[in-house]
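**Student:** I'd like to ask some things about the structure below.
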Amino acid sequence: MKPKKKILMILLGERLAGAEQHVFMILPELVKFGYNVSLLNLSRKNKKNISDEFKRKLNECEEKGVNILHYSLRNRFDFFSINGIAKLIYDIKPDIVHTHMIYGDLFGSIAAKKAGVRTVVSTRHYDYSFSTTEIIKAKAYYTIVNRFQDRIICVSNKIAELSEEHENFPKAKITTIPLGYSDAKVNKAEARIKINSELGIKDELLIGSVSRLIKIKGINYALQAAKKLKEMKIAFKWLVAGEGREKENLILLRNELGLENEVIFLGQRNDIHKIIAALDVMVHPTLADSFGLVVLEAFIQSTPVIATTAGALPELISNNQNGILVDPKDPGQIKQEIVRLAFNSIERKLIGENGRLRFESFYTLEKMVLRLSNYYDHLS
């Protein structure tokens with residue numbers, strides 16, 4: 001049997017977000033498929049703290065047979081480091097260099113070609129369609145980077161359309177491989193008892209949102225929807241899990257809206273799957289989304305999800321079947337759909353179960369890695 005190819009993935013990683021989770025999930029699976037797999041993690045010397053969770057994921061991958069390499073950049077524009085990165089790549093002699101995210105693409109692709117790598121692949125994870133400024137920046141950036149990339153993988157059809165339209169990348173060299181997720185289903189009743197006990201929640205509707213706390217995630221619209229629920233005298237708690245630069249502003253907004261007793265900021269958690277399992281409804285009010293990993297997490301736990309039509313989310317959700325879609329920036333619509341599910345437990349259960357079936361049919365980690373393996377094997 002012909003030996004599997006040697007794969008080197010490259011990204012600049014310091015905290016665990018969607019793209020980083022994706023990489024950490026697939027690396028050990030590729031080892032199981034027989035590939036010789038390495039990860040080159042770029043970080044910044046002036047960045048004092050790579051998150052503990054990120055470090056833990058690096059260690060877990062290493063324990064599962066992934067070769068982990070590190071390279072420190074002086075800053076995000078340390079182009080003098082390209083020679084050093086190219087030397088590392090040359091020593092590894094990979095068949096395929098597979099880059100992720102802006103700086104992985106920039107430093108990794110240029111260095112790979114400098115090292116003589118024949119095939120450089122990039123996965124596009126970013127939905128920049130929400131802003132004209134972001135589109136202009138993407139066009140300028142990819143005018144440079146695409147010269148050093150042979151093919152690209154897009155995590156959704158939406159991102160493939162963006163790459164073809166704005167990056168001027170040949171359609172024939174663009175492939176969509178949807179993300180997958182490891183199945184970590186937990187007992188919903190046990191999860192609910194645990195979170196109720198931890199937070200002192202009584203017999204109330206339990207809503208939740210999970211995301212980085214940045215403007216594009218639209219949590220401010222979730223808070224406005226929560227205000228409307230309170231005005232209707234509905235008893236509820238709304239959990240917000242995650243960290244980010246908007247956290248303090250969101251806490252201030254919560255307080256201004258008089259929601260101190262209803263909205264609980266949980267911070268960063270390592271038991272997100274259990275929190276999602278405990279929810280009656282999950283709300284994902286984002287203004288942009290390249291795929292929607294957190295929606296998959298809700299599917300896995302059979303938790304009904306209300307999400308916006310932003311980005312690729314309509315590719316995951318068939319409205320009113322395995323989830324509910326609302327317009328971005330519309331707290332009134334979010335409130336309306338929460339009320340609908342709050343008073344219809346049968347529909348709530350059905351939508352949650354349909355989400356689970358959707359996950360099992362299309363988005364398991366095994367299905368995604370098999371697609372990626374077939375893709376690698378057909379590259380010359």
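Convention: chains lettered A, B, ... in structure tokens order; per-chain residue numbering from 1; ligands numbered from 1 as shown.
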Using only C-alpha atoms, find each residue in segment 296-379 of chain A having at least one atom no more than 12 Å away from segment 4-18 of chain A; report its shortest atom-to-atom pair and that distance in Å (one decimal), rows by chain then rising number, as JSON lines.
**Tutor:**
{"residue": "A:Leu296", "atom": "CA", "partner": "A:Gly18", "partner_atom": "CA", "distance": 11.6}
{"residue": "A:Glu297", "atom": "CA", "partner": "A:Gly18", "partner_atom": "CA", "distance": 11.6}
{"residue": "A:Leu372", "atom": "CA", "partner": "A:Ile7", "partner_atom": "CA", "distance": 11.7}
{"residue": "A:Ser373", "atom": "CA", "partner": "A:Lys4", "partner_atom": "CA", "distance": 9.5}
{"residue": "A:Asn374", "atom": "CA", "partner": "A:Lys4", "partner_atom": "CA", "distance": 11.1}
{"residue": "A:Tyr375", "atom": "CA", "partner": "A:Lys5", "partner_atom": "CA", "distance": 11.6}
{"residue": "A:Tyr376", "atom": "CA", "partner": "A:Lys5", "partner_atom": "CA", "distance": 7.9}
{"residue": "A:Asp377", "atom": "CA", "partner": "A:Lys5", "partner_atom": "CA", "distance": 7.7}
{"residue": "A:His378", "atom": "CA", "partner": "A:Lys5", "partner_atom": "CA", "distance": 10.8}
{"residue": "A:Leu379", "atom": "CA", "partner": "A:Lys5", "partner_atom": "CA", "distance": 10.0}
**Student:** Write the selection just made, keeping N, CA and C atoms, as an mmCIF file, in the first residue's frame?
**Tutor:**
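In the end it all went to out.cif:
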data_model
loop_
_atom_site.group_PDB
_atom_site.id
_atom_site.type_symbol
_atom_site.label_atom_id
_atom_site.label_comp_id
_atom_site.auth_asym_id
_atom_site.auth_seq_id
_atom_site.Cartn_x
_atom_site.Cartn_y
_atom_site.Cartn_z
ATOM 1 N N LEU A 296 -23.692 23.515 15.479
ATOM 2 C CA LEU A 296 -23.466 22.063 15.514
ATOM 3 C C LEU A 296 -23.469 21.542 16.941
ATOM 4 N N GLU A 297 -22.876 22.312 17.858
ATOM 5 C CA GLU A 297 -22.863 21.888 19.260
ATOM 6 C C GLU A 297 -24.287 21.779 19.803
ATOM 7 N N LEU A 372 -11.762 15.115 3.885
ATOM 8 C CA LEU A 372 -10.449 15.756 3.802
ATOM 9 C C LEU A 372 -9.385 14.756 3.344
ATOM 10 N N SER A 373 -9.441 13.528 3.848
ATOM 11 C CA SER A 373 -8.495 12.497 3.439
ATOM 12 C C SER A 373 -8.595 12.227 1.946
ATOM 13 N N ASN A 374 -9.805 12.090 1.438
ATOM 14 C CA ASN A 374 -9.995 11.877 0.000
ATOM 15 C C ASN A 374 -9.444 13.055 -0.804
ATOM 16 N N TYR A 375 -9.622 14.249 -0.271
ATOM 17 C CA TYR A 375 -9.112 15.456 -0.927
ATOM 18 C C TYR A 375 -7.587 15.413 -1.004
ATOM 19 N N TYR A 376 -6.932 15.139 0.123
ATOM 20 C CA TYR A 376 -5.469 15.036 0.145
ATOM 21 C C TYR A 376 -4.976 13.988 -0.853
ATOM 22 N N ASP A 377 -5.628 12.830 -0.835
ATOM 23 C CA ASP A 377 -5.146 11.708 -1.645
ATOM 24 C C ASP A 377 -5.251 11.978 -3.138
ATOM 25 N N HIS A 378 -6.122 12.888 -3.525
ATOM 26 C CA HIS A 378 -6.282 13.187 -4.950
ATOM 27 C C HIS A 378 -5.463 14.403 -5.395
ATOM 28 N N LEU A 379 -4.743 15.003 -4.471
ATOM 29 C CA LEU A 379 -3.852 16.102 -4.859
ATOM 30 C C LEU A 379 -2.574 15.519 -5.445
#
**Student:** Tell me which protein, DNA and RNA residues are within 10 Å of segment 21-26 of chain A, counting only C-alpha atoms, leaving out same-chain ones fewer than 2 positions away, and put them as an NGL selection string.
**Tutor:** :A and (9-11 or 15-19 or 28-32 or 39 or 54 or 57-58 or 60-61 or 66 or 100 or 125 or 179-182 or 293 or 365-366 or 368-369 or 372)
**Student:** Could you write out the selected residues, including C-alpha atoms, as a PDB file, in the first residue's frame?
**Tutor:**
ATOM      1  CA  MET A   9      -0.585  22.463   9.108  1.00  0.00           C
ATOM      2  CA  ILE A  10       0.287  26.054  10.007  1.00  0.00           C
ATOM      3  CA  LEU A  11      -1.639  28.640  11.990  1.00  0.00           C
ATOM      4  CA  ARG A  15      -6.510  31.219  22.022  1.00  0.00           C
ATOM      5  CA  LEU A  16      -9.162  28.664  21.236  1.00  0.00           C
ATOM      6  CA  ALA A  17     -11.766  29.915  18.760  1.00  0.00           C
ATOM      7  CA  GLY A  18     -13.673  28.173  15.971  1.00  0.00           C
ATOM      8  CA  ALA A  19     -10.836  27.699  13.473  1.00  0.00           C
ATOM      9  CA  PRO A  28      -5.377  13.377  15.685  1.00  0.00           C
ATOM     10  CA  GLU A  29      -7.977  11.933  13.299  1.00  0.00           C
ATOM     11  CA  LEU A  30      -5.572  12.349  10.380  1.00  0.00           C
ATOM     12  CA  VAL A  31      -2.955  10.433  12.395  1.00  0.00           C
ATOM     13  CA  LYS A  32      -5.504   7.600  12.745  1.00  0.00           C
ATOM     14  CA  LEU A  39       1.426  21.389  13.312  1.00  0.00           C
ATOM     15  CA  PHE A  54      -4.852  26.345  23.882  1.00  0.00           C
ATOM     16  CA  LYS A  57      -5.025  21.221  23.230  1.00  0.00           C
ATOM     17  CA  LEU A  58      -1.458  21.336  21.870  1.00  0.00           C
ATOM     18  CA  GLU A  60      -3.339  16.531  23.753  1.00  0.00           C
ATOM     19  CA  CYS A  61      -2.502  16.517  20.040  1.00  0.00           C
ATOM     20  CA  VAL A  66       0.934  14.894  16.141  1.00  0.00           C
ATOM     21  CA  HIS A 100      -5.308  28.337   8.342  1.00  0.00           C
ATOM     22  CA  HIS A 125     -12.645  30.214   7.793  1.00  0.00           C
ATOM     23  CA  LEU A 179     -16.796  21.303   9.158  1.00  0.00           C
ATOM     24  CA  GLY A 180     -17.527  18.357  11.392  1.00  0.00           C
ATOM     25  CA  TYR A 181     -17.599  17.998  15.149  1.00  0.00           C
ATOM     26  CA  SER A 182     -16.796  15.266  17.640  1.00  0.00           C
ATOM     27  CA  LEU A 293     -19.746  25.456  14.890  1.00  0.00           C
ATOM     28  CA  LEU A 365     -16.062  14.533  12.660  1.00  0.00           C
ATOM     29  CA  GLU A 366     -15.536  11.178  10.955  1.00  0.00           C
ATOM     30  CA  MET A 368     -15.480  15.517   7.608  1.00  0.00           C
ATOM     31  CA  VAL A 369     -12.051  13.865   8.038  1.00  0.00           C
ATOM     32  CA  LEU A 372     -10.449  15.756   3.802  1.00  0.00           C
TER      33      LEU A 372
END
**Student:** Residues of segment 184-216 of chain A within 6 Å of segment 243-255 of chain A: nearest atom pair and distance (Å, one decimal) for each, counting only C-alpha atoms, sorted by chain and number, as CSV?
**Tutor:**
residue,atom,partner,partner_atom,distance
A:Arg212,CA,A:Gly244,CA,5.4
A:Leu213,CA,A:Gly244,CA,4.2
A:Ile214,CA,A:Glu246,CA,5.1
**Student:** Can those selected residues be exported to a file as a compact mmCIF listing (two decimals), in the first residue's frame so that it contains C-alpha atoms?
**Tutor:**
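Saved to out.txt:
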# COMPACT_ATOMS: atom_id res chain seq x y z
CA ARG A 212 -16.64 35.31 21.75
CA LEU A 213 -17.86 38.59 23.17
CA ILE A 214 -17.09 40.84 20.22
**Student:** Let me make sure I understand: among A:Ala310, A:Leu40, A:Ile89, A:Met232, which one has the smallest atom-to-atom distance to His70 of chain A if we use only C-alpha atoms?
**Tutor:**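 Of all the options, A:Leu40 lies closest to His70 of chain A.
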**Student:** Tell me which protein, DNA and RNA residues are within 12 Å of Ile174 of chain A, counting only C-alpha atoms, leaving out same-chain ones fewer than 5 positions away, and put them as an MDAnalysis selection string.
**Tutor:** chainID A and resid 121:124 146 149:157 159:165 167:169 375
**Student:** Would you write out those residues with N, CA and C atoms, as a tab-separated table (two decimals), in the first residue's frame?
**Tutor:**
chain	number	residue	atom	x	y	z
A	121	VAL	N	-2.13	24.37	0.41
A	121	VAL	CA	-3.59	24.46	0.52
A	121	VAL	C	-3.93	25.38	1.68
A	122	SER	N	-4.96	26.18	1.52
A	122	SER	CA	-5.44	27.04	2.61
A	122	SER	C	-6.91	26.74	2.87
A	123	THR	N	-7.29	26.69	4.15
A	123	THR	CA	-8.71	26.63	4.49
A	123	THR	C	-9.18	28.03	4.84
A	124	ARG	N	-10.25	28.47	4.19
A	124	ARG	CA	-10.85	29.77	4.45
A	124	ARG	C	-11.92	29.61	5.53
A	146	ASN	N	-2.69	34.80	-2.48
A	146	ASN	CA	-3.10	33.78	-3.44
A	146	ASN	C	-2.01	33.40	-4.43
A	149	GLN	N	-0.56	30.15	-3.03
A	149	GLN	CA	-1.46	29.05	-2.69
A	149	GLN	C	-1.96	28.37	-3.95
A	150	ASP	N	-1.97	27.04	-3.92
A	150	ASP	CA	-2.36	26.28	-5.09
A	150	ASP	C	-3.85	25.97	-5.11
A	151	ARG	N	-4.40	25.71	-3.93
A	151	ARG	CA	-5.81	25.37	-3.82
A	151	ARG	C	-6.35	25.89	-2.50
A	152	ILE	N	-7.67	26.06	-2.45
A	152	ILE	CA	-8.27	26.45	-1.17
A	152	ILE	C	-9.47	25.56	-0.87
A	153	ILE	N	-9.63	25.33	0.44
A	153	ILE	CA	-10.80	24.64	0.97
A	153	ILE	C	-11.66	25.68	1.67
A	154	CYS	N	-12.94	25.66	1.43
A	154	CYS	CA	-13.86	26.58	2.11
A	154	CYS	C	-14.77	25.77	3.02
A	155	VAL	N	-15.05	26.32	4.20
A	155	VAL	CA	-15.84	25.58	5.18
A	155	VAL	C	-17.33	25.60	4.90
A	156	SER	N	-17.74	26.39	3.91
A	156	SER	CA	-19.15	26.46	3.53
A	156	SER	C	-19.26	26.98	2.11
A	157	ASN	N	-20.41	26.80	1.51
A	157	ASN	CA	-20.64	27.34	0.17
A	157	ASN	C	-20.60	28.87	0.17
A	159	ILE	N	-18.65	30.79	1.95
A	159	ILE	CA	-17.26	31.21	1.90
A	159	ILE	C	-16.66	30.93	0.53
A	160	ALA	N	-17.07	29.84	-0.10
A	160	ALA	CA	-16.61	29.56	-1.47
A	160	ALA	C	-17.05	30.65	-2.43
A	161	GLU	N	-18.28	31.12	-2.28
A	161	GLU	CA	-18.78	32.21	-3.13
A	161	GLU	C	-17.96	33.48	-2.91
A	162	LEU	N	-17.64	33.80	-1.65
A	162	LEU	CA	-16.82	34.97	-1.36
A	162	LEU	C	-15.44	34.84	-2.01
A	163	SER	N	-14.84	33.65	-1.91
A	163	SER	CA	-13.49	33.45	-2.45
A	163	SER	C	-13.48	33.61	-3.96
A	164	GLU	N	-14.51	33.11	-4.60
A	164	GLU	CA	-14.58	33.23	-6.05
A	164	GLU	C	-14.84	34.67	-6.49
A	165	GLU	N	-15.74	35.35	-5.76
A	165	GLU	CA	-16.16	36.69	-6.18
A	165	GLU	C	-15.13	37.76	-5.84
A	167	GLU	N	-11.86	37.26	-4.19
A	167	GLU	CA	-10.43	36.94	-4.12
A	167	GLU	C	-9.86	36.57	-5.47
A	168	ASN	N	-10.73	36.48	-6.48
A	168	ASN	CA	-10.29	36.17	-7.83
A	168	ASN	C	-9.55	34.84	-7.89
A	169	PHE	N	-10.01	33.88	-7.07
A	169	PHE	CA	-9.38	32.56	-7.07
A	169	PHE	C	-10.15	31.67	-8.05
A	375	TYR	N	-9.62	14.25	-0.27
A	375	TYR	CA	-9.11	15.46	-0.93
A	375	TYR	C	-7.59	15.41	-1.00
